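The structure appears right after this line, and notes come after that.
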Protein chains: 2
Amino acid sequence: MTAEESLTHSVSFLLSKLGQEANGRFADRLAPLGLRPRHCAVLELLSGGPLAQLELARVVGVTPSVVVDMLDELEELDAVRRTRDTADRRRQVIELTPVGRELRRQTLALARQNDDELLSTISATEAAALRQALGRIATATGLISK
Amino acid sequence: MTAEESLTHSVSFLLSKLGQEANGRFADRLAPLGLRPRHCAVLELLSGGPLAQLELARVVGVTPSVVVDMLDELEELDAVRRTRDTADRRRQVIELTPVGRELRRQTLALARQNDDELLSTISATEAAALRQALGRIATATGLISK
DNA sequence: ACCGTATCATTCGCAAGCCGAATCATATGG
DNA sequence: CCATATGATTCGGCTTGCGAATGATACGGT
């Protein structure tokens, strides 16, 4: 019963395992849309307004070259539009298209489904506590913006 | 305040992100020992007694070929010993060496350190709730054995 | 006792995902 | 007007995992 007796009961281990699991399931749900989890963060960010690629890279936490690939794929789906910034023609301003907005709406619904599935085995109060604790840690470690 | 308004507040997203973060930090702590997170699960399992490689693969949730690599690395560190099963000479019986036991002890300590760091930003009661919720979900989804 | 089939470990080549360095266009300051 | 900095892009490489062959050994049927 002593919670720390084994690695498999450490929060770090559980977090890592469950994180993979959650991500995998989410990926499965996303697949029919032609999206992968990492695209969702981009759609999410862009829903707040247009951004330059470097900003996107910084906030999402990946290399600029990765952003290029992701945007290529999103552009392929007509989800985003790249337009040169007229003020600074080096920058690409990335903007959500109506298709992109709709896709984002769907990813949110799928995320909720995924949550429901994952949390179905615990009580509502436990789920609420979990959500709160995760949110607090994520903000404290700077993983999510506000 | 409505928790589901954005993707970044879904449990799936937070779990995935924090899982990566926890894993990354754990990996950093492990690096000086010459280990990576995935090795820890193996050390942990073997601490319960010798196992065949296929069993290891099944429980850890990776391909047999991956187990070969991991064991090669652990053997390089003198942490495990491979011996042919005399009853069935196809099987390799994997056993922890004293070095392996010591390494496992250290990985546990590092996992605790990692937990403390991650949980330092939330209260003890929140941390307990988090640990409980994660454990429940992990067992329910069959991610950890008992 | 022998042969075909199944099983375990291992090797090998492959694909995905991400990074860092090099490149090109454009901007900015002296 | 030139030197330097910056944004996007391309390219090559590294890591990690998988799945398909391979080789050794076991096992069941005849």
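Lettering and numbering for the structure tokens are positional, with chains as A, B, ... in the shown order, residues counted from 1 in each chain, and ligands counted from 1 in the shown order.
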Any chance you could lay chain B over chain A, fitting all C-alpha atoms in order by least squares, and write the moved chain as an mmCIF file with C-alpha atoms, in the first residue's frame?
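Full text of superposed_28.cif as output:
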data_model
loop_
_atom_site.group_PDB
_atom_site.id
_atom_site.type_symbol
_atom_site.label_atom_id
_atom_site.label_comp_id
_atom_site.auth_asym_id
_atom_site.auth_seq_id
_atom_site.Cartn_x
_atom_site.Cartn_y
_atom_site.Cartn_z
ATOM 1 C CA MET B 1 -0.040 0.011 -0.005
ATOM 2 C CA THR B 2 2.901 2.353 0.428
ATOM 3 C CA ALA B 3 2.499 4.306 -2.718
ATOM 4 C CA GLU B 4 6.178 4.709 -3.523
ATOM 5 C CA GLU B 5 7.300 1.137 -3.188
ATOM 6 C CA SER B 6 7.377 0.514 -6.897
ATOM 7 C CA LEU B 7 8.211 2.489 -9.989
ATOM 8 C CA THR B 8 4.853 1.674 -11.512
ATOM 9 C CA HIS B 9 3.142 3.658 -8.781
ATOM 10 C CA SER B 10 5.200 6.792 -9.177
ATOM 11 C CA VAL B 11 3.346 9.732 -10.645
ATOM 12 C CA SER B 12 6.065 10.165 -13.243
ATOM 13 C CA PHE B 13 5.617 6.667 -14.543
ATOM 14 C CA LEU B 14 1.838 6.767 -14.527
ATOM 15 C CA LEU B 15 1.806 10.147 -16.191
ATOM 16 C CA SER B 16 4.137 8.986 -18.903
ATOM 17 C CA LYS B 17 2.235 5.791 -19.576
ATOM 18 C CA LEU B 18 -1.202 7.347 -19.464
ATOM 19 C CA GLY B 19 0.018 10.229 -21.564
ATOM 20 C CA GLN B 20 1.067 7.837 -24.290
ATOM 21 C CA GLU B 21 -2.185 5.955 -23.979
ATOM 22 C CA ALA B 22 -4.311 9.089 -24.135
ATOM 23 C CA ASN B 23 -2.326 10.337 -27.075
ATOM 24 C CA GLY B 24 -2.629 7.049 -28.904
ATOM 25 C CA ARG B 25 -6.362 6.884 -28.482
ATOM 26 C CA PHE B 26 -6.736 10.479 -29.505
ATOM 27 C CA ALA B 27 -4.643 9.782 -32.578
ATOM 28 C CA ASP B 28 -6.973 6.938 -33.508
ATOM 29 C CA ARG B 29 -9.992 9.197 -33.252
ATOM 30 C CA LEU B 30 -8.252 11.876 -35.253
ATOM 31 C CA ALA B 31 -7.063 9.625 -38.050
ATOM 32 C CA PRO B 32 -10.323 9.739 -40.058
ATOM 33 C CA LEU B 33 -9.973 13.514 -40.238
ATOM 34 C CA GLY B 34 -6.474 13.211 -41.653
ATOM 35 C CA LEU B 35 -5.036 14.824 -38.551
ATOM 36 C CA ARG B 36 -2.612 13.827 -35.839
ATOM 37 C CA PRO B 37 -2.557 15.106 -32.256
ATOM 38 C CA ARG B 38 0.196 17.609 -32.846
ATOM 39 C CA HIS B 39 -1.902 19.351 -35.498
ATOM 40 C CA CYS B 40 -4.572 20.060 -32.935
ATOM 41 C CA ALA B 41 -2.400 22.358 -30.899
ATOM 42 C CA VAL B 42 -1.785 24.372 -34.035
ATOM 43 C CA LEU B 43 -5.469 24.606 -34.891
ATOM 44 C CA GLU B 44 -6.143 25.563 -31.313
ATOM 45 C CA LEU B 45 -3.566 28.321 -31.278
ATOM 46 C CA LEU B 46 -4.673 29.710 -34.600
ATOM 47 C CA SER B 47 -8.256 29.882 -33.444
ATOM 48 C CA GLY B 48 -7.105 32.798 -31.318
ATOM 49 C CA GLY B 49 -6.006 34.668 -34.405
ATOM 50 C CA PRO B 50 -3.332 34.556 -37.121
ATOM 51 C CA LEU B 51 0.258 33.830 -36.139
ATOM 52 C CA ALA B 52 3.675 33.694 -37.745
ATOM 53 C CA GLN B 53 5.352 30.311 -38.060
ATOM 54 C CA LEU B 54 8.113 31.082 -35.643
ATOM 55 C CA GLU B 55 5.574 31.984 -32.995
ATOM 56 C CA LEU B 56 3.784 28.742 -33.671
ATOM 57 C CA ALA B 57 7.025 26.827 -33.280
ATOM 58 C CA ARG B 58 7.860 28.568 -30.037
ATOM 59 C CA VAL B 59 4.475 28.031 -28.414
ATOM 60 C CA VAL B 60 3.952 24.478 -29.585
ATOM 61 C CA GLY B 61 7.492 23.676 -28.562
ATOM 62 C CA VAL B 62 8.885 22.241 -31.754
ATOM 63 C CA THR B 63 11.480 23.214 -34.303
ATOM 64 C CA PRO B 64 10.549 25.627 -37.099
ATOM 65 C CA SER B 65 11.206 22.918 -39.648
ATOM 66 C CA VAL B 66 8.573 20.748 -38.005
ATOM 67 C CA VAL B 67 6.081 23.575 -38.264
ATOM 68 C CA VAL B 68 6.720 23.732 -41.989
ATOM 69 C CA ASP B 69 5.728 20.100 -42.354
ATOM 70 C CA MET B 70 2.645 20.429 -40.182
ATOM 71 C CA LEU B 71 1.464 23.468 -42.091
ATOM 72 C CA ASP B 72 2.099 21.739 -45.398
ATOM 73 C CA GLU B 73 -0.230 19.006 -44.234
ATOM 74 C CA LEU B 74 -2.834 21.395 -42.878
ATOM 75 C CA GLU B 75 -2.697 23.415 -46.067
ATOM 76 C CA GLU B 76 -3.218 20.215 -47.999
ATOM 77 C CA LEU B 77 -6.493 19.850 -46.093
ATOM 78 C CA ASP B 78 -7.404 23.474 -46.772
ATOM 79 C CA ALA B 79 -7.418 24.042 -43.039
ATOM 80 C CA VAL B 80 -4.965 26.932 -43.028
ATOM 81 C CA ARG B 81 -3.798 29.623 -45.398
ATOM 82 C CA ARG B 82 -0.278 31.017 -45.623
ATOM 83 C CA THR B 83 0.072 34.652 -46.621
ATOM 84 C CA ARG B 84 3.212 36.752 -46.720
ATOM 85 C CA ASP B 85 3.174 39.537 -44.197
ATOM 86 C CA THR B 86 3.097 42.712 -46.277
ATOM 87 C CA ALA B 87 4.930 44.613 -43.550
ATOM 88 C CA ASP B 88 7.692 42.039 -43.273
ATOM 89 C CA ARG B 89 7.822 39.827 -46.289
ATOM 90 C CA ARG B 90 9.968 37.212 -44.597
ATOM 91 C CA ARG B 91 7.129 36.202 -42.346
ATOM 92 C CA GLN B 92 4.322 33.895 -43.298
ATOM 93 C CA VAL B 93 1.113 34.762 -41.536
ATOM 94 C CA ILE B 94 -0.895 31.642 -40.842
ATOM 95 C CA GLU B 95 -4.625 31.870 -40.713
ATOM 96 C CA LEU B 96 -7.420 29.393 -40.118
ATOM 97 C CA THR B 97 -9.811 28.830 -43.004
ATOM 98 C CA PRO B 98 -13.491 28.000 -42.462
ATOM 99 C CA VAL B 99 -12.514 24.369 -43.034
ATOM 100 C CA GLY B 100 -9.871 24.749 -40.348
ATOM 101 C CA ARG B 101 -12.367 26.211 -37.930
ATOM 102 C CA GLU B 102 -14.695 23.319 -38.541
ATOM 103 C CA LEU B 103 -11.865 20.827 -38.094
ATOM 104 C CA ARG B 104 -10.917 22.467 -34.843
ATOM 105 C CA ARG B 105 -14.490 22.156 -33.662
ATOM 106 C CA GLN B 106 -14.402 18.449 -34.442
ATOM 107 C CA THR B 107 -11.074 17.912 -32.695
ATOM 108 C CA LEU B 108 -12.567 19.452 -29.581
ATOM 109 C CA ALA B 109 -15.490 17.073 -29.729
ATOM 110 C CA LEU B 110 -13.142 14.130 -30.192
ATOM 111 C CA ALA B 111 -11.010 15.291 -27.286
ATOM 112 C CA ARG B 112 -14.108 15.325 -25.141
ATOM 113 C CA GLN B 113 -15.013 11.830 -26.283
ATOM 114 C CA ASN B 114 -11.504 10.732 -25.449
ATOM 115 C CA ASP B 115 -11.699 12.271 -22.006
ATOM 116 C CA ASP B 116 -15.024 10.613 -21.331
ATOM 117 C CA GLU B 117 -13.588 7.260 -22.293
ATOM 118 C CA LEU B 118 -10.489 7.670 -20.169
ATOM 119 C CA LEU B 119 -12.390 8.991 -17.190
ATOM 120 C CA SER B 120 -15.271 6.559 -17.433
ATOM 121 C CA THR B 121 -13.637 4.288 -14.889
ATOM 122 C CA ILE B 122 -13.386 6.843 -12.127
ATOM 123 C CA SER B 123 -15.931 8.959 -10.308
ATOM 124 C CA ALA B 124 -16.912 12.452 -11.345
ATOM 125 C CA THR B 125 -15.290 13.991 -8.289
ATOM 126 C CA GLU B 126 -12.073 12.110 -8.928
ATOM 127 C CA ALA B 127 -12.153 13.244 -12.527
ATOM 128 C CA ALA B 128 -12.613 16.849 -11.473
ATOM 129 C CA ALA B 129 -9.717 16.583 -9.047
ATOM 130 C CA LEU B 130 -7.575 15.047 -11.759
ATOM 131 C CA ARG B 131 -8.406 17.764 -14.223
ATOM 132 C CA GLN B 132 -7.640 20.447 -11.687
ATOM 133 C CA ALA B 133 -4.336 18.946 -10.607
ATOM 134 C CA LEU B 134 -3.171 18.446 -14.185
ATOM 135 C CA GLY B 135 -4.129 21.972 -15.112
ATOM 136 C CA ARG B 136 -2.285 23.411 -12.159
ATOM 137 C CA ILE B 137 0.890 21.501 -12.879
ATOM 138 C CA ALA B 138 0.747 22.288 -16.570
ATOM 139 C CA THR B 139 0.455 26.003 -15.954
ATOM 140 C CA ALA B 140 3.107 25.909 -13.246
ATOM 141 C CA THR B 141 5.592 24.198 -15.530
ATOM 142 C CA GLY B 142 4.775 26.603 -18.339
ATOM 143 C CA LEU B 143 3.330 23.913 -20.573
ATOM 144 C CA ILE B 144 0.181 25.828 -21.289
ATOM 145 C CA SER B 145 -0.045 29.543 -21.718
ATOM 146 C CA LYS B 146 -2.503 30.997 -19.278
#
Secondary structure check, helix (DSSP H, G or I) residues of segment 1-144 of chain A, as a PyMOL selection string: chain A and resi 7-9+11-33+37-46+53-60+64-76+98-119+124-140
Residue hits in chain C, query chain B, radius 12 Å, only C-alpha atoms (C1' of nucleotides), as an MDAnalysis selection string: chainID C and resid 7:12
Could you take the residues named above and write them with C-alpha atoms (C1' of nucleotides), as a CSV table (one decimal), in the first residue's frame?
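This is the output file part_26.csv:
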chain,number,residue,atom,x,y,z
C,7,DT,C1',7.7,-21.0,-30.8
C,8,DC,C1',11.6,-18.1,-29.0
C,9,DA,C1',15.3,-15.0,-29.7
C,10,DT,C1',17.7,-12.5,-33.0
C,11,DT,C1',18.9,-9.8,-37.1
C,12,DC,C1',17.7,-6.7,-40.6
One-decimal distance in Å that lies between atom C1' of DG19 of chain D and atom C1' of DC19 of chain C: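 Computing it gives 26.3 Å between the two atoms.
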Cut-off 8 Å: closest chain D/chain A atom pairs per residue, using only C-alpha atoms (C1' of nucleotides), as a tab-separated table:
residue	atom	partner	partner_atom	distance
D:DG7	C1'	A:Arg90	CA	5.2
D:DA8	C1'	A:Arg90	CA	7.2
D:DT9	C1'	A:Ser65	CA	7.4
Spatial neighbours of DG28 of chain D, 12 Å, only C-alpha atoms (C1' of nucleotides), chain gap at least 6 places, as a VMD selection string: chain C and resid 2 to 6
Filtering to N, CA and C atoms (P, O5', C5', C4', C3', O3' and C1' of nucleotides), could you give me those residues as a PDB file, in the first residue's frame?
ATOM      1  P    DC C   2      15.240 -41.466 -36.794  1.00  0.00           P
ATOM      2  O5'  DC C   2      13.894 -40.828 -37.377  1.00  0.00           O
ATOM      3  C5'  DC C   2      13.133 -41.559 -38.319  1.00  0.00           C
ATOM      4  C4'  DC C   2      12.151 -40.623 -39.006  1.00  0.00           C
ATOM      5  C3'  DC C   2      12.761 -39.278 -39.445  1.00  0.00           C
ATOM      6  O3'  DC C   2      12.183 -38.949 -40.701  1.00  0.00           O
ATOM      7  C1'  DC C   2      10.991 -38.878 -37.936  1.00  0.00           C
ATOM      8  P    DC C   3      12.804 -37.796 -41.635  1.00  0.00           P
ATOM      9  O5'  DC C   3      11.503 -36.896 -41.896  1.00  0.00           O
ATOM     10  C5'  DC C   3      10.235 -37.540 -42.057  1.00  0.00           C
ATOM     11  C4'  DC C   3       9.135 -36.517 -41.868  1.00  0.00           C
ATOM     12  C3'  DC C   3       9.485 -35.121 -42.371  1.00  0.00           C
ATOM     13  O3'  DC C   3       8.352 -34.582 -43.042  1.00  0.00           O
ATOM     14  C1'  DC C   3       8.890 -35.035 -40.084  1.00  0.00           C
ATOM     15  P    DG C   4       8.464 -33.281 -43.996  1.00  0.00           P
ATOM     16  O5'  DG C   4       7.365 -32.318 -43.356  1.00  0.00           O
ATOM     17  C5'  DG C   4       6.038 -32.829 -43.165  1.00  0.00           C
ATOM     18  C4'  DG C   4       5.327 -31.990 -42.120  1.00  0.00           C
ATOM     19  C3'  DG C   4       5.369 -30.483 -42.392  1.00  0.00           C
ATOM     20  O3'  DG C   4       4.048 -29.963 -42.248  1.00  0.00           O
ATOM     21  C1'  DG C   4       6.178 -30.954 -40.199  1.00  0.00           C
ATOM     22  P    DT C   5       3.694 -28.424 -42.581  1.00  0.00           P
ATOM     23  O5'  DT C   5       3.552 -27.829 -41.104  1.00  0.00           O
ATOM     24  C5'  DT C   5       2.734 -28.530 -40.167  1.00  0.00           C
ATOM     25  C4'  DT C   5       2.907 -27.911 -38.785  1.00  0.00           C
ATOM     26  C3'  DT C   5       2.879 -26.377 -38.778  1.00  0.00           C
ATOM     27  O3'  DT C   5       2.005 -25.949 -37.749  1.00  0.00           O
ATOM     28  C1'  DT C   5       4.771 -27.174 -37.629  1.00  0.00           C
ATOM     29  P    DA C   6       1.663 -24.372 -37.638  1.00  0.00           P
ATOM     30  O5'  DA C   6       2.249 -24.059 -36.193  1.00  0.00           O
ATOM     31  C5'  DA C   6       1.899 -24.908 -35.105  1.00  0.00           C
ATOM     32  C4'  DA C   6       2.757 -24.553 -33.897  1.00  0.00           C
ATOM     33  C3'  DA C   6       2.814 -23.052 -33.592  1.00  0.00           C
ATOM     34  O3'  DA C   6       2.659 -22.888 -32.191  1.00  0.00           O
ATOM     35  C1'  DA C   6       5.001 -23.908 -33.831  1.00  0.00           C
TER      36       DA C   6
END
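Assigned to strand (DSSP E) in segment 23-86 of chain B, given DSSP computed from backbone atoms, are Leu51, Ala52, Val80, Arg81, Arg82, Thr83 and Arg84 of chain B.
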Include C-alpha atoms and write out the residues we just selected as a short mmCIF file (atom, residue, chain, number, x, y, z; two decimals), in the first residue's frame.
data_model
loop_
_atom_site.label_atom_id
_atom_site.label_comp_id
_atom_site.auth_asym_id
_atom_site.auth_seq_id
_atom_site.Cartn_x
_atom_site.Cartn_y
_atom_site.Cartn_z
CA LEU B 51 11.38 -13.73 -16.76
CA ALA B 52 11.65 -14.85 -20.36
CA VAL B 80 21.02 -8.34 -16.12
CA ARG B 81 22.16 -11.82 -17.01
CA ARG B 82 20.80 -13.96 -19.83
CA THR B 83 20.78 -17.70 -19.30
CA ARG B 84 19.29 -20.37 -21.53
#
List the spatial neighbours of segment 1-3 of chain D as an mmCIF file with C-alpha atoms (C1' of nucleotides), in the first residue's frame - criterion: any atom at most 12 Å away, only C-alpha atoms (C1' of nucleotides), same-chain residues fewer than 4 positions off excluded.
data_model
loop_
_atom_site.group_PDB
_atom_site.id
_atom_site.type_symbol
_atom_site.label_atom_id
_atom_site.label_comp_id
_atom_site.auth_asym_id
_atom_site.auth_seq_id
_atom_site.Cartn_x
_atom_site.Cartn_y
_atom_site.Cartn_z
ATOM 1 C "C1'" DT C 28 17.518 46.626 -40.661
ATOM 2 C "C1'" DG C 29 21.254 49.432 -38.929
ATOM 3 C "C1'" DG C 30 25.567 51.744 -39.638
#
